[in-house]
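File shown here: target37.txt, holding compact mmCIF, C-alpha atoms.
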```
# COMPACT_ATOMS: atom_id res chain seq x y z
CA MET L 521 -28.85 23.39 -0.55
CA THR L 522 -25.67 24.73 1.00
CA ASP L 523 -22.43 25.29 -0.89
CA GLU L 524 -20.90 22.29 0.90
CA GLU L 525 -23.81 20.05 -0.11
CA GLN L 526 -23.51 21.23 -3.71
CA LYS L 527 -19.77 20.48 -3.72
CA ASP L 528 -20.36 17.01 -2.27
CA LEU L 529 -22.99 16.29 -4.90
CA CYS L 530 -20.67 17.52 -7.63
CA PHE L 531 -17.84 15.29 -6.39
CA LYS L 532 -20.22 12.32 -6.25
CA ARG L 533 -21.43 12.90 -9.82
CA ILE L 534 -17.89 13.24 -11.18
CA ALA L 535 -16.66 10.21 -9.23
CA THR L 536 -19.48 7.98 -10.43
CA ALA L 537 -19.20 9.21 -14.01
CA LYS L 538 -15.48 8.34 -13.99
CA ASN L 539 -15.85 5.31 -11.67
CA ASP L 540 -13.07 6.80 -9.56
CA THR L 541 -13.38 6.26 -5.80
CA SER L 542 -10.49 8.62 -5.11
CA ILE L 543 -12.81 11.48 -6.07
CA CYS L 544 -15.29 10.27 -3.43
CA GLU L 545 -12.62 11.13 -0.87
CA ASN L 546 -13.29 14.81 -1.60
CA ILE L 547 -16.74 14.51 -0.03
CA LEU L 548 -16.45 16.46 3.21
CA ILE L 549 -17.66 13.84 5.66
CA ILE L 550 -15.88 10.64 4.65
CA ASN L 551 -18.17 8.19 6.44
CA SER L 552 -21.33 10.01 5.48
CA ASP L 553 -24.18 8.52 3.48
CA LYS L 554 -22.98 10.58 0.52
CA HIS L 555 -19.49 9.08 0.68
CA ARG L 556 -20.76 5.52 1.15
CA GLY L 557 -23.30 6.04 -1.63
CA CYS L 558 -20.56 7.28 -3.93
CA VAL L 559 -18.41 4.20 -3.32
CA LYS L 560 -21.43 1.88 -3.51
CA GLU L 561 -22.52 3.27 -6.87
CA ILE L 562 -19.02 2.86 -8.31
CA ALA L 563 -18.82 -0.72 -7.01
CA TYR L 564 -22.14 -1.42 -8.73
CA ASN L 565 -21.04 0.22 -11.98
CA LEU L 566 -17.83 -1.81 -12.03
CA GLU L 567 -19.55 -4.97 -10.75
CA ASP L 568 -16.68 -5.24 -8.26
CA THR L 569 -17.37 -6.01 -4.61
CA ALA L 570 -13.73 -5.25 -3.74
CA VAL L 571 -14.53 -1.56 -4.18
CA CYS L 572 -16.84 -1.89 -1.15
CA ASP L 573 -13.74 -2.45 1.01
CA LYS L 574 -13.23 1.33 0.89
CA ILE L 575 -16.22 1.66 3.26
CA SER L 576 -14.95 1.39 6.85
CA ASP L 577 -18.29 0.66 8.53
CA ALA L 578 -18.89 -3.12 8.35
CA LYS L 579 -22.69 -2.82 8.13
CA PHE L 580 -22.57 -0.44 5.19
CA ARG L 581 -19.74 -2.39 3.54
CA ASP L 582 -21.88 -5.55 3.66
CA GLU L 583 -24.82 -3.58 2.28
CA CYS L 584 -22.59 -2.44 -0.59
CA VAL L 585 -21.53 -6.01 -1.37
CA LEU L 586 -25.16 -7.16 -1.43
CA TYR L 587 -26.06 -4.27 -3.73
CA VAL L 588 -23.35 -5.29 -6.20
CA ILE L 589 -24.12 -9.02 -6.33
```
Structure translated into structure tokens:
Amino acid sequence: MTDEEQKDLCFKRIATAKNDTSICENILIINSDKHRGCVKEIAYNLEDTAVCDKISDAKFRDECVLYVI
């Protein structure tokens, strides 16, 4: 695992532990699976589909909503 991958994983773990999507923004590639997964997990934790709106790709945003409900 590269240093960048380790940092992304660290940001994801902190973000989901704190349920703070702003920390997901620190993941290097914003529209990556890691970023979407970060937001999706927080939406699920909070049981809040509105959090999914932070995902710009419509397909993945819909997937997030379905995961939460």
Q: Extract, using only C-alpha atoms, all DNA, RNA and protein residues at most 9 Å from Lys554 (chain L), discarding same-chain residues fewer than 3 positions from it, and format them as a ChimeraX atom specification.
A: /L:528-529,532,544,547,549-551,557-559
Could those selected residues go to a file with C-alpha atoms, as an mmCIF file, keeping the file's coordinate frame?
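Dumped everything to out_27.cif:
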```
data_model
loop_
_atom_site.group_PDB
_atom_site.id
_atom_site.type_symbol
_atom_site.label_atom_id
_atom_site.label_comp_id
_atom_site.auth_asym_id
_atom_site.auth_seq_id
_atom_site.Cartn_x
_atom_site.Cartn_y
_atom_site.Cartn_z
ATOM 1 C CA ASP L 528 -20.360 17.010 -2.270
ATOM 2 C CA LEU L 529 -22.990 16.290 -4.900
ATOM 3 C CA LYS L 532 -20.220 12.320 -6.250
ATOM 4 C CA CYS L 544 -15.290 10.270 -3.430
ATOM 5 C CA ILE L 547 -16.740 14.510 -0.030
ATOM 6 C CA ILE L 549 -17.660 13.840 5.660
ATOM 7 C CA ILE L 550 -15.880 10.640 4.650
ATOM 8 C CA ASN L 551 -18.170 8.190 6.440
ATOM 9 C CA GLY L 557 -23.300 6.040 -1.630
ATOM 10 C CA CYS L 558 -20.560 7.280 -3.930
ATOM 11 C CA VAL L 559 -18.410 4.200 -3.320
#
```
Q.
Residues within 8 Å of region 568-577 of chain L, please, as number ranges by chain. Count all atoms listed in the file; anything in the same chain fewer than 4 positions from it doesn't count.
A. L: 551, 556, 559-560, 562-564, 581-582, 584-585, 588-589
Store the residues picked out above in a file with C-alpha atoms, as a compact mmCIF listing (two decimals), in the frame of the given file.
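Produced file part02.txt, reproduced below:
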```
# COMPACT_ATOMS: atom_id res chain seq x y z
CA ASN L 551 -18.17 8.19 6.44
CA ARG L 556 -20.76 5.52 1.15
CA VAL L 559 -18.41 4.20 -3.32
CA LYS L 560 -21.43 1.88 -3.51
CA ILE L 562 -19.02 2.86 -8.31
CA ALA L 563 -18.82 -0.72 -7.01
CA TYR L 564 -22.14 -1.42 -8.73
CA ARG L 581 -19.74 -2.39 3.54
CA ASP L 582 -21.88 -5.55 3.66
CA CYS L 584 -22.59 -2.44 -0.59
CA VAL L 585 -21.53 -6.01 -1.37
CA VAL L 588 -23.35 -5.29 -6.20
CA ILE L 589 -24.12 -9.02 -6.33
```
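Among the candidates L:Lys579, L:Leu586, L:Asn546, L:Asp553, the residue lying nearest to Glu524 (chain L) is L:Asn546 (atoms considered: all atoms listed in the file).
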Q: Could you tell me how far CA of Lys527 (chain L) lies from CA of Asn565 (chain L), in Å and to one decimal?
A: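 Atom-to-atom, CA of Lys527 (chain L) to CA of Asn565 (chain L), that is 21.9 Å.
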Q | Minimum-distance residue to Thr536 (chain L), chosen among L:Tyr587, L:Leu566, L:Asp523, L:Ser552 (using all atoms listed in the file) | A |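 Smallest distance to Thr536 (chain L) is found for L:Leu566.
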(Q) I'd like the interatomic distance between CA of Thr522 (chain L) and CA of Asn539 (chain L), to a tenth of an Å. (A)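 Going from CA of Thr522 (chain L) over to CA of Asn539 (chain L), I get 25.2 Å.
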Got a minute to add N, CA and C atoms to region 527-553 of chain L and dump it as a PDB file, in the frame of the given file?
```pdb
ATOM      1  N   LYS L 527     -21.105  21.006  -3.393  1.00  0.00           N
ATOM      2  CA  LYS L 527     -19.770  20.480  -3.720  1.00  0.00           C
ATOM      3  C   LYS L 527     -19.739  18.972  -3.573  1.00  0.00           C
ATOM      4  N   ASP L 528     -20.318  18.461  -2.475  1.00  0.00           N
ATOM      5  CA  ASP L 528     -20.360  17.010  -2.270  1.00  0.00           C
ATOM      6  C   ASP L 528     -21.098  16.311  -3.403  1.00  0.00           C
ATOM      7  N   LEU L 529     -22.214  16.870  -3.808  1.00  0.00           N
ATOM      8  CA  LEU L 529     -22.990  16.290  -4.900  1.00  0.00           C
ATOM      9  C   LEU L 529     -22.199  16.321  -6.200  1.00  0.00           C
ATOM     10  N   CYS L 530     -21.505  17.394  -6.438  1.00  0.00           N
ATOM     11  CA  CYS L 530     -20.670  17.520  -7.630  1.00  0.00           C
ATOM     12  C   CYS L 530     -19.569  16.462  -7.631  1.00  0.00           C
ATOM     13  N   PHE L 531     -18.875  16.314  -6.488  1.00  0.00           N
ATOM     14  CA  PHE L 531     -17.840  15.290  -6.390  1.00  0.00           C
ATOM     15  C   PHE L 531     -18.415  13.898  -6.630  1.00  0.00           C
ATOM     16  N   LYS L 532     -19.595  13.633  -6.066  1.00  0.00           N
ATOM     17  CA  LYS L 532     -20.220  12.320  -6.250  1.00  0.00           C
ATOM     18  C   LYS L 532     -20.527  12.071  -7.734  1.00  0.00           C
ATOM     19  N   ARG L 533     -21.070  13.054  -8.391  1.00  0.00           N
ATOM     20  CA  ARG L 533     -21.430  12.900  -9.820  1.00  0.00           C
ATOM     21  C   ARG L 533     -20.189  12.671 -10.677  1.00  0.00           C
ATOM     22  N   ILE L 534     -19.133  13.414 -10.408  1.00  0.00           N
ATOM     23  CA  ILE L 534     -17.890  13.240 -11.180  1.00  0.00           C
ATOM     24  C   ILE L 534     -17.293  11.873 -10.894  1.00  0.00           C
ATOM     25  N   ALA L 535     -17.247  11.502  -9.617  1.00  0.00           N
ATOM     26  CA  ALA L 535     -16.660  10.210  -9.230  1.00  0.00           C
ATOM     27  C   ALA L 535     -17.396   9.054  -9.885  1.00  0.00           C
ATOM     28  N   THR L 536     -18.721   9.096  -9.855  1.00  0.00           N
ATOM     29  CA  THR L 536     -19.480   7.980 -10.430  1.00  0.00           C
ATOM     30  C   THR L 536     -19.419   7.982 -11.960  1.00  0.00           C
ATOM     31  N   ALA L 537     -19.325   9.149 -12.548  1.00  0.00           N
ATOM     32  CA  ALA L 537     -19.200   9.210 -14.010  1.00  0.00           C
ATOM     33  C   ALA L 537     -17.861   8.626 -14.461  1.00  0.00           C
ATOM     34  N   LYS L 538     -16.823   8.841 -13.648  1.00  0.00           N
ATOM     35  CA  LYS L 538     -15.480   8.340 -13.990  1.00  0.00           C
ATOM     36  C   LYS L 538     -15.162   7.015 -13.317  1.00  0.00           C
ATOM     37  N   ASN L 539     -16.092   6.527 -12.458  1.00  0.00           N
ATOM     38  CA  ASN L 539     -15.850   5.310 -11.670  1.00  0.00           C
ATOM     39  C   ASN L 539     -14.524   5.394 -10.926  1.00  0.00           C
ATOM     40  N   ASP L 540     -14.322   6.526 -10.252  1.00  0.00           N
ATOM     41  CA  ASP L 540     -13.070   6.800  -9.560  1.00  0.00           C
ATOM     42  C   ASP L 540     -13.346   7.091  -8.085  1.00  0.00           C
ATOM     43  N   THR L 541     -13.099   6.090  -7.227  1.00  0.00           N
ATOM     44  CA  THR L 541     -13.380   6.260  -5.800  1.00  0.00           C
ATOM     45  C   THR L 541     -12.489   7.305  -5.139  1.00  0.00           C
ATOM     46  N   SER L 542     -11.355   7.604  -5.727  1.00  0.00           N
ATOM     47  CA  SER L 542     -10.490   8.620  -5.110  1.00  0.00           C
ATOM     48  C   SER L 542     -11.184   9.982  -5.101  1.00  0.00           C
ATOM     49  N   ILE L 543     -12.059  10.213  -6.044  1.00  0.00           N
ATOM     50  CA  ILE L 543     -12.810  11.480  -6.070  1.00  0.00           C
ATOM     51  C   ILE L 543     -13.841  11.500  -4.948  1.00  0.00           C
ATOM     52  N   CYS L 544     -14.356  10.335  -4.567  1.00  0.00           N
ATOM     53  CA  CYS L 544     -15.290  10.270  -3.430  1.00  0.00           C
ATOM     54  C   CYS L 544     -14.645  10.782  -2.160  1.00  0.00           C
ATOM     55  N   GLU L 545     -13.334  10.678  -2.060  1.00  0.00           N
ATOM     56  CA  GLU L 545     -12.620  11.130  -0.870  1.00  0.00           C
ATOM     57  C   GLU L 545     -12.745  12.635  -0.670  1.00  0.00           C
ATOM     58  N   ASN L 546     -13.120  13.359  -1.707  1.00  0.00           N
ATOM     59  CA  ASN L 546     -13.290  14.810  -1.600  1.00  0.00           C
ATOM     60  C   ASN L 546     -14.600  15.200  -0.930  1.00  0.00           C
ATOM     61  N   ILE L 547     -15.486  14.234  -0.742  1.00  0.00           N
ATOM     62  CA  ILE L 547     -16.740  14.510  -0.030  1.00  0.00           C
ATOM     63  C   ILE L 547     -16.372  14.828   1.412  1.00  0.00           C
ATOM     64  N   LEU L 548     -16.907  15.916   1.936  1.00  0.00           N
ATOM     65  CA  LEU L 548     -16.450  16.460   3.210  1.00  0.00           C
ATOM     66  C   LEU L 548     -16.497  15.491   4.378  1.00  0.00           C
ATOM     67  N   ILE L 549     -17.569  14.784   4.544  1.00  0.00           N
ATOM     68  CA  ILE L 549     -17.660  13.840   5.660  1.00  0.00           C
ATOM     69  C   ILE L 549     -17.473  12.441   5.089  1.00  0.00           C
ATOM     70  N   ILE L 550     -16.287  11.882   5.301  1.00  0.00           N
ATOM     71  CA  ILE L 550     -15.880  10.640   4.650  1.00  0.00           C
ATOM     72  C   ILE L 550     -16.827   9.475   4.942  1.00  0.00           C
ATOM     73  N   ASN L 551     -17.283   9.298   6.151  1.00  0.00           N
ATOM     74  CA  ASN L 551     -18.170   8.190   6.440  1.00  0.00           C
ATOM     75  C   ASN L 551     -19.639   8.583   6.413  1.00  0.00           C
ATOM     76  N   SER L 552     -19.953   9.570   5.616  1.00  0.00           N
ATOM     77  CA  SER L 552     -21.330  10.010   5.480  1.00  0.00           C
ATOM     78  C   SER L 552     -22.066   9.125   4.481  1.00  0.00           C
ATOM     79  N   ASP L 553     -23.380   9.262   4.457  1.00  0.00           N
ATOM     80  CA  ASP L 553     -24.180   8.520   3.480  1.00  0.00           C
ATOM     81  C   ASP L 553     -23.763   8.893   2.058  1.00  0.00           C
TER      82      ASP L 553
END
```
